[in-house]
>>> print(open('model.cif').read())   # mmCIF, C-alpha atoms
data_structure
loop_
_atom_site.label_atom_id
_atom_site.label_comp_id
_atom_site.auth_asym_id
_atom_site.auth_seq_id
_atom_site.Cartn_x
_atom_site.Cartn_y
_atom_site.Cartn_z
CA MET A 1 37.56 33.34 -56.36
CA ASP A 2 38.99 29.84 -55.91
CA ALA A 3 36.81 26.98 -57.11
CA THR A 4 37.25 25.26 -53.79
CA ASP A 5 35.82 28.29 -52.00
CA ALA A 6 32.66 28.21 -54.12
CA ALA A 7 31.98 24.54 -53.44
CA PRO A 8 29.10 23.99 -51.00
CA ARG A 9 30.15 22.89 -47.55
CA PRO A 10 28.79 19.56 -46.34
CA LEU A 11 25.88 19.85 -43.94
CA ILE A 12 26.56 18.81 -40.36
CA ASP A 13 24.55 15.78 -39.33
CA THR A 14 22.70 17.20 -36.31
CA THR A 15 20.59 14.07 -35.95
CA ALA A 16 23.55 12.06 -34.73
CA ARG A 17 24.31 14.72 -32.12
CA ARG A 18 20.74 15.00 -30.86
CA ARG A 19 20.15 11.27 -30.57
CA PRO A 20 22.16 10.72 -27.35
CA ILE A 21 20.53 13.77 -25.73
CA GLY A 22 17.06 12.57 -26.69
CA LEU A 23 17.74 9.09 -25.39
CA LEU A 24 19.04 10.53 -22.14
CA LEU A 25 15.91 12.65 -21.66
CA VAL A 26 13.67 9.67 -22.36
CA ALA A 27 15.71 7.34 -20.16
CA VAL A 28 14.81 9.17 -16.93
CA PRO A 29 11.00 8.85 -17.14
CA VAL A 30 11.29 5.33 -18.56
CA PHE A 31 13.49 4.35 -15.62
CA LEU A 32 11.03 5.87 -13.13
CA VAL A 33 8.08 4.08 -14.74
CA ALA A 34 9.97 0.79 -14.72
CA TRP A 35 11.08 1.27 -11.12
CA LEU A 36 7.87 2.64 -9.58
CA VAL A 37 5.20 0.93 -11.72
CA ILE A 38 6.38 -2.04 -13.76
CA TRP A 39 8.66 -3.63 -11.18
CA PRO A 40 6.08 -3.49 -8.33
CA ILE A 41 3.56 -5.13 -10.66
CA ILE A 42 5.96 -7.92 -11.62
CA SER A 43 6.99 -8.34 -7.99
CA ALA A 44 3.36 -8.58 -6.84
CA ILE A 45 2.54 -11.19 -9.47
CA LEU A 46 5.61 -13.26 -8.58
CA ARG A 47 4.84 -13.10 -4.84
CA THR A 48 1.35 -14.48 -5.42
CA VAL A 49 2.16 -17.25 -7.92
CA TRP A 50 5.63 -18.37 -6.77
CA ARG A 51 5.61 -19.06 -3.03
CA PRO A 52 5.73 -21.91 -0.49
CA ASP A 53 2.87 -24.40 -0.34
CA ALA A 54 1.47 -26.10 2.77
CA ASN A 55 4.53 -28.34 2.95
CA GLY A 56 6.98 -25.44 2.70
CA THR A 57 8.06 -26.26 -0.85
CA VAL A 58 8.57 -23.15 -2.96
CA GLY A 59 6.98 -23.39 -6.40
CA PHE A 60 4.11 -22.40 -8.63
CA ASN A 61 1.12 -21.85 -6.35
CA LEU A 62 -2.27 -20.33 -7.23
CA SER A 63 -4.02 -21.05 -3.96
CA SER A 64 -4.57 -17.36 -3.16
CA TYR A 65 -6.39 -16.87 -6.49
CA VAL A 66 -8.40 -20.03 -5.93
CA PHE A 67 -9.43 -18.67 -2.55
CA PHE A 68 -10.47 -15.30 -4.02
CA PHE A 69 -12.67 -16.79 -6.74
CA SER A 70 -14.21 -19.31 -4.35
CA ASP A 71 -14.88 -16.83 -1.52
CA ARG A 72 -18.39 -15.35 -1.64
CA TYR A 73 -17.41 -12.14 0.14
CA SER A 74 -14.54 -11.48 -2.29
CA LEU A 75 -16.77 -12.15 -5.30
CA ASP A 76 -19.46 -9.84 -3.90
CA ASN A 77 -16.89 -7.06 -3.57
CA LEU A 78 -15.69 -7.64 -7.13
CA SER A 79 -19.28 -7.64 -8.36
CA VAL A 80 -20.16 -4.36 -6.64
CA THR A 81 -16.96 -2.82 -8.04
CA LEU A 82 -17.89 -3.86 -11.58
CA TRP A 83 -21.48 -2.65 -11.07
CA THR A 84 -20.31 0.72 -9.75
CA THR A 85 -17.82 1.12 -12.60
CA ILE A 86 -20.32 0.29 -15.33
CA THR A 87 -23.04 2.45 -13.76
CA CYS A 88 -20.71 5.43 -13.36
CA ALA A 89 -19.42 5.09 -16.93
CA ALA A 90 -22.96 5.03 -18.33
CA LEU A 91 -24.05 8.01 -16.22
CA LEU A 92 -20.95 9.97 -17.18
CA LEU A 93 -21.67 9.45 -20.87
CA LEU A 94 -25.33 10.45 -20.44
CA ILE A 95 -24.42 13.57 -18.47
CA CYS A 96 -21.22 14.76 -20.12
CA LEU A 97 -22.07 14.23 -23.79
CA PRO A 98 -25.02 16.70 -23.78
CA ILE A 99 -22.91 19.19 -21.81
CA SER A 100 -20.05 18.88 -24.29
CA LEU A 101 -22.37 19.24 -27.27
CA TYR A 102 -23.91 22.35 -25.73
CA LEU A 103 -20.51 23.90 -25.03
CA ARG A 104 -19.26 23.08 -28.54
CA PHE A 105 -22.16 24.48 -30.56
CA SER A 106 -23.42 27.30 -28.33
CA LYS A 107 -22.19 30.87 -28.17
CA GLY A 108 -22.43 33.62 -25.62
CA ARG A 109 -21.67 34.00 -21.94
CA LEU A 110 -23.90 31.24 -20.64
CA PRO A 111 -21.76 28.41 -22.13
CA ASP A 112 -18.74 29.93 -20.38
CA TYR A 113 -20.51 29.71 -17.03
CA VAL A 114 -21.65 26.17 -17.78
CA GLN A 115 -18.09 25.13 -18.65
CA ALA A 116 -16.79 26.70 -15.44
CA MET A 117 -19.36 24.75 -13.41
CA ALA A 118 -18.53 21.52 -15.25
CA ILE A 119 -14.79 21.88 -14.58
CA PHE A 120 -15.19 23.08 -10.98
CA PRO A 121 -15.19 19.55 -9.43
CA MET A 122 -11.61 19.11 -10.67
CA PHE A 123 -10.45 21.57 -7.99
CA VAL A 124 -12.37 19.98 -5.10
CA PRO A 125 -10.48 17.27 -3.16
CA SER A 126 -12.26 13.96 -2.70
CA ILE A 127 -12.30 14.30 1.08
CA ILE A 128 -14.05 17.68 0.82
CA LEU A 129 -16.52 16.23 -1.68
CA SER A 130 -17.31 13.38 0.71
CA TYR A 131 -17.89 15.76 3.61
CA ALA A 132 -20.16 17.95 1.46
CA PHE A 133 -22.08 14.87 0.29
CA ILE A 134 -22.67 13.76 3.89
CA ARG A 135 -23.75 17.23 5.01
CA VAL A 136 -26.18 17.64 2.12
CA LEU A 137 -27.57 14.14 1.39
CA GLY A 138 -26.65 12.30 4.60
CA PRO A 139 -28.99 11.63 7.54
CA ASN A 140 -30.33 14.91 8.95
CA GLY A 141 -28.48 16.76 6.20
CA MET A 142 -29.49 19.91 4.42
CA VAL A 143 -32.02 18.16 2.17
CA ASP A 144 -33.72 16.54 5.16
CA ILE A 145 -33.85 19.86 6.99
CA LEU A 146 -35.43 21.61 4.00
CA LEU A 147 -37.98 18.83 3.55
CA ASN A 148 -38.90 18.88 7.23
CA SER A 149 -39.31 22.65 7.16
CA VAL A 150 -42.13 22.35 4.60
CA GLY A 151 -43.71 19.29 6.22
CA LEU A 152 -42.43 16.65 3.79
CA PRO A 153 -41.01 13.27 4.88
CA LYS A 154 -37.29 12.55 4.89
CA ILE A 155 -35.62 11.04 1.87
CA ARG A 156 -33.86 7.71 1.93
CA THR A 157 -30.26 8.84 1.94
CA PRO A 158 -27.84 7.23 -0.55
CA TYR A 159 -25.10 7.61 2.06
CA LEU A 160 -23.59 4.23 3.04
CA THR A 161 -25.39 2.51 0.16
CA PRO A 162 -23.96 1.41 -3.21
CA TRP A 163 -25.38 4.61 -4.74
CA GLY A 164 -23.26 6.81 -2.48
CA PRO A 165 -19.97 6.10 -4.28
CA VAL A 166 -21.77 6.28 -7.64
CA ILE A 167 -22.92 9.86 -7.00
CA GLY A 168 -19.54 10.93 -5.68
CA LEU A 169 -17.50 9.26 -8.44
CA VAL A 170 -19.70 10.60 -11.23
CA TRP A 171 -19.45 14.15 -9.87
CA ASP A 172 -15.69 13.77 -9.44
CA ASN A 173 -15.11 12.50 -13.02
CA ILE A 174 -17.29 15.01 -14.88
CA PRO A 175 -14.50 17.57 -15.56
CA LEU A 176 -12.04 15.20 -17.25
CA THR A 177 -14.79 13.53 -19.27
CA VAL A 178 -16.16 16.86 -20.49
CA LEU A 179 -12.69 18.11 -21.46
CA ILE A 180 -11.88 14.96 -23.44
CA LEU A 181 -15.21 15.04 -25.26
CA LEU A 182 -14.78 18.74 -26.02
CA SER A 183 -11.38 17.99 -27.51
CA GLY A 184 -12.95 15.38 -29.78
CA LEU A 185 -15.79 17.70 -30.76
CA GLY A 186 -13.21 20.25 -31.86
CA ASN A 187 -12.47 17.93 -34.80
CA VAL A 188 -16.07 18.12 -36.02
CA ALA A 189 -16.18 20.71 -38.78
CA ASN A 190 -19.11 23.11 -38.89
CA GLN A 191 -19.17 22.72 -42.68
CA ALA A 192 -20.00 19.02 -42.36
CA ILE A 193 -22.92 19.76 -40.07
CA GLU A 194 -24.20 22.55 -42.30
CA ALA A 195 -23.95 20.29 -45.35
CA ALA A 196 -25.99 17.61 -43.59
CA ARG A 197 -28.64 20.15 -42.64
CA ASP A 198 -28.77 21.42 -46.21
CA VAL A 199 -29.79 17.96 -47.44
CA GLY A 200 -32.55 17.75 -44.82
CA ALA A 201 -30.93 15.97 -41.87
CA ASN A 202 -32.50 16.72 -38.49
CA LYS A 203 -30.58 17.15 -35.23
CA LEU A 204 -30.76 13.48 -34.28
CA GLN A 205 -29.49 12.40 -37.70
CA VAL A 206 -26.65 14.93 -37.53
CA LEU A 207 -25.69 13.60 -34.11
CA TRP A 208 -25.83 9.94 -35.15
CA HIS A 209 -24.27 10.12 -38.63
CA ILE A 210 -21.95 13.15 -38.43
CA ILE A 211 -20.90 13.88 -34.84
CA LEU A 212 -20.73 10.50 -33.08
CA PRO A 213 -18.59 8.76 -35.75
CA ARG A 214 -16.04 11.58 -35.51
CA ILE A 215 -15.80 11.52 -31.71
CA SER A 216 -15.96 7.76 -31.17
CA ASN A 217 -12.26 7.63 -30.25
CA SER A 218 -12.67 10.51 -27.79
CA VAL A 219 -15.65 8.76 -26.19
CA LEU A 220 -13.58 5.60 -25.85
CA VAL A 221 -10.65 7.49 -24.32
CA ALA A 222 -12.93 9.35 -21.89
CA LEU A 223 -14.62 6.14 -20.75
CA SER A 224 -11.26 4.38 -20.42
CA PHE A 225 -9.88 7.08 -18.14
CA ALA A 226 -13.08 7.16 -16.11
CA VAL A 227 -13.23 3.37 -15.73
CA LEU A 228 -9.57 3.13 -14.67
CA GLY A 229 -10.05 5.80 -12.03
CA ILE A 230 -13.37 4.46 -10.75
CA PHE A 231 -12.34 0.80 -10.57
CA SER A 232 -9.33 1.60 -8.38
CA ALA A 233 -10.94 4.42 -6.37
CA PHE A 234 -10.49 4.41 -2.61
CA THR A 235 -11.45 7.65 -0.83
CA LEU A 236 -15.02 8.09 -2.07
CA PRO A 237 -16.03 4.40 -1.80
CA TYR A 238 -14.40 4.20 1.65
CA LEU A 239 -16.22 7.25 3.03
CA LEU A 240 -19.55 7.04 1.18
CA GLY A 241 -20.06 3.35 0.48
CA PRO A 242 -21.37 0.50 2.63
CA ALA A 243 -19.10 -1.65 4.78
CA SER A 244 -20.32 -4.80 3.03
CA PRO A 245 -20.11 -5.36 0.14
CA GLU A 246 -17.39 -2.83 -0.59
CA MET A 247 -15.36 -1.85 -3.62
CA MET A 248 -11.94 -3.32 -4.26
CA GLY A 249 -10.02 -0.27 -3.02
CA PRO A 250 -11.39 -0.34 0.56
CA PHE A 251 -11.40 -4.16 0.43
CA MET A 252 -7.64 -4.26 -0.20
CA GLN A 253 -7.00 -1.75 2.57
CA ARG A 254 -9.04 -3.68 5.12
CA THR A 255 -7.43 -6.97 4.13
CA PHE A 256 -3.93 -5.52 4.48
CA ARG A 257 -4.30 -3.44 7.65
CA GLU A 258 -7.23 -4.81 9.64
CA VAL A 259 -7.06 -8.50 8.73
CA ASN A 260 -3.24 -8.36 8.49
CA ASP A 261 -3.21 -10.60 5.40
CA PRO A 262 -0.68 -9.14 2.93
CA LEU A 263 -0.82 -12.13 0.56
CA ASN A 264 -4.54 -11.88 -0.11
CA ALA A 265 -4.31 -8.08 -0.28
CA ILE A 266 -1.63 -8.39 -2.99
CA THR A 267 -3.76 -10.99 -4.77
CA GLN A 268 -6.69 -8.58 -4.77
CA ALA A 269 -4.40 -5.87 -6.16
CA VAL A 270 -3.20 -8.15 -8.98
CA ILE A 271 -6.80 -9.07 -9.88
CA THR A 272 -7.77 -5.40 -9.85
CA PHE A 273 -4.81 -4.62 -12.10
CA GLY A 274 -5.91 -7.40 -14.45
CA PHE A 275 -9.34 -5.83 -14.90
CA CYS A 276 -7.85 -2.34 -15.28
CA ILE A 277 -5.38 -3.45 -17.95
CA VAL A 278 -8.28 -4.79 -20.02
CA PHE A 279 -9.89 -1.34 -19.97
CA GLY A 280 -6.49 0.25 -20.58
CA LEU A 281 -6.09 -1.74 -23.78
CA PHE A 282 -9.04 0.16 -25.24
CA TYR A 283 -7.19 3.42 -24.63
CA VAL A 284 -3.95 2.06 -26.14
CA ARG A 285 -5.88 0.78 -29.16
CA SER A 286 -7.50 4.19 -29.63
CA VAL A 287 -4.16 6.02 -29.44
CA ALA A 288 -2.56 3.57 -31.90
CA HIS A 289 -5.51 3.98 -34.24
CA ASN A 290 -5.18 7.78 -34.20
CA GLN A 291 -1.45 7.65 -34.85
CA GLY A 292 -1.99 5.27 -37.75
CA LYS A 293 -4.21 7.73 -39.57
#
>>> encode(input="model.cif", output="structure tokens")
Amino acid sequence: MDATDAAPRPLIDTTARRRPIGLLLVAVPVFLVAWLVIWPIISAILRTVWRPDANGTVGFNLSSYVFFFSDRYSLDNLSVTLWTTITCAALLLLICLPISLYLRFSKGRLPDYVQAMAIFPMFVPSIILSYAFIRVLGPNGMVDILLNSVGLPKIRTPYLTPWGPVIGLVWDNIPLTVLILLSGLGNVANQAIEAARDVGANKLQVLWHIILPRISNSVLVALSFAVLGIFSAFTLPYLLGPASPEMMGPFMQRTFREVNDPLNAITQAVITFGFCIVFGLFYVRSVAHNQGK
């Protein structure tokens, strides 16, 4: 055998070949995000800060933002949006964390049924949820009919009050919150819990010192997703909430279509985006923290 035949052949650098294909695959979604998301945001900001003044001179102009933060009605709508978002986030954590803990550490058929019920709202459209809410808890709804049938007075319906969107948004966001928390609880080892119990830790101590520190990132991600969806929600606040004050989603729609004021509607959208990006930074920070481990 020739010595040249026995010499190992040089390996083909497949990385150089795959790099253009990978960049091409990534370029399409990046282009779509830049075209459909980033550019509209930049365009909206430019249209509200660089525009003609009262004299017709084009330049830096913040009058639309000054109007928003000096208008009582606009501030009331922003306040009720923040209140609804914070209230929904707190209720979601109080409701979904016990459900997730039960599903994670329970066995048998009952947890399967509970998980199916917790995920079921994911498959119900918001418009159907609103109609069901009105038929059950609205004036002369099913609850009122049942109470009247046994001689009890009617309830004060949450429909068309600030609590209407809260109930609808919490119910609508339960599935995603439960799934994210369950994913985080999957990282909690049973051995760590058993070791804590062996040294005398009770259930509350196990929850506080063992479980919660390991799912803190999942809790943050779940709340970030919920807050982003709730703050910019439209259908449920529009159908279930009061006409005044109203959340930012219906407020932008009314300003654009009914008042025919595109500039202030875009200003409201930019302000809403500003609040959402603050909450989004918590999610980005959590993802970066997990990747750094």
>>> closest_residue(input="model.cif", among="A:Ala192, A:Asp198, A:Val227, A:Asn148", to="Leu176 in chain A", atoms="only C-alpha atoms")
A:Val227
>>> resolve_selection(input="model.cif", expression="the PyMOL selection byres ((chain A and resi 268) around 12)", output="PyMOL selection string")
chain A and resi 44-45+48+64-69+74-75+77-78+232+247-256+261-267+269-275
>>> residues_around(input="model.cif", residues="Leu182 in chain A", least_positions_apart="4", cutoff="7 Å", atoms="all atoms listed in the file", output="PDB file with C-alpha atoms, keeping the file's coordinate frame")
ATOM      1  CA  SER A 100     -20.050  18.880 -24.290  1.00  0.00           C
ATOM      2  CA  ARG A 104     -19.260  23.080 -28.540  1.00  0.00           C
ATOM      3  CA  VAL A 178     -16.160  16.860 -20.490  1.00  0.00           C
ATOM      4  CA  GLY A 186     -13.210  20.250 -31.860  1.00  0.00           C
TER       5      GLY A 186
END
>>> atom_distance(input="model.cif", atom1="CA of Val166 in chain A", atom2="CA of Val124 in chain A")
16.8 Å
>>> atom_distance(input="model.cif", atom1="CA of Val58 in chain A", atom2="CA of Asn260 in chain A")
22.1 Å
>>> closest_residue(input="model.cif", among="A:Ala118, A:Met142, A:Leu223, A:Ile180", to="Leu93 in chain A", atoms="only C-alpha atoms")
A:Leu223
>>> closest_residue(input="model.cif", among="A:Ala288, A:Leu152, A:Val26, A:Ala226", to="Ala90 in chain A", atoms="only C-alpha atoms")
A:Ala226
>>> decode(input="model.cif", residues="range 91-131 of chain A", atoms="C-alpha atoms", output="CSV table (one decimal), in the first residue's frame")
chain,number,residue,atom,x,y,z
A,91,LEU,CA,-54.8,37.2,40.7
A,92,LEU,CA,-53.1,35.1,38.1
A,93,LEU,CA,-50.3,34.3,40.4
A,94,LEU,CA,-52.6,33.5,43.3
A,95,ILE,CA,-54.7,31.2,41.2
A,96,CYS,CA,-52.2,29.6,38.9
A,97,LEU,CA,-49.4,28.9,41.3
A,98,PRO,CA,-51.5,26.5,43.6
A,99,ILE,CA,-52.9,24.8,40.4
A,100,SER,CA,-49.4,24.3,39.1
A,101,LEU,CA,-48.1,23.0,42.4
A,102,TYR,CA,-51.0,20.6,42.6
A,103,LEU,CA,-50.5,19.3,39.0
A,104,ARG,CA,-46.7,18.9,39.6
A,105,PHE,CA,-46.8,17.0,42.8
A,106,SER,CA,-50.1,15.0,42.5
A,107,LYS,CA,-50.7,11.7,40.8
A,108,GLY,CA,-53.7,10.0,39.5
A,109,ARG,CA,-56.5,10.8,37.1
A,110,LEU,CA,-57.9,13.9,39.0
A,111,PRO,CA,-54.8,16.0,38.2
A,112,ASP,CA,-55.3,15.2,34.5
A,113,TYR,CA,-58.8,16.5,34.6
A,114,VAL,CA,-57.7,19.6,36.5
A,115,GLN,CA,-55.0,20.3,33.9
A,116,ALA,CA,-57.6,19.8,31.1
A,117,MET,CA,-59.9,22.4,32.8
A,118,ALA,CA,-57.0,24.8,33.3
A,119,ILE,CA,-55.9,24.7,29.7
A,120,PHE,CA,-59.5,24.7,28.2
A,121,PRO,CA,-59.7,28.6,28.1
A,122,MET,CA,-56.9,28.6,25.6
A,123,PHE,CA,-59.3,27.1,23.0
A,124,VAL,CA,-62.2,29.6,23.6
A,125,PRO,CA,-62.1,32.8,21.5
A,126,SER,CA,-62.4,36.1,23.4
A,127,ILE,CA,-65.6,37.0,21.7
A,128,ILE,CA,-67.2,33.7,22.9
A,129,LEU,CA,-65.9,34.3,26.4
A,130,SER,CA,-67.4,37.8,26.5
A,131,TYR,CA,-70.8,36.5,25.3
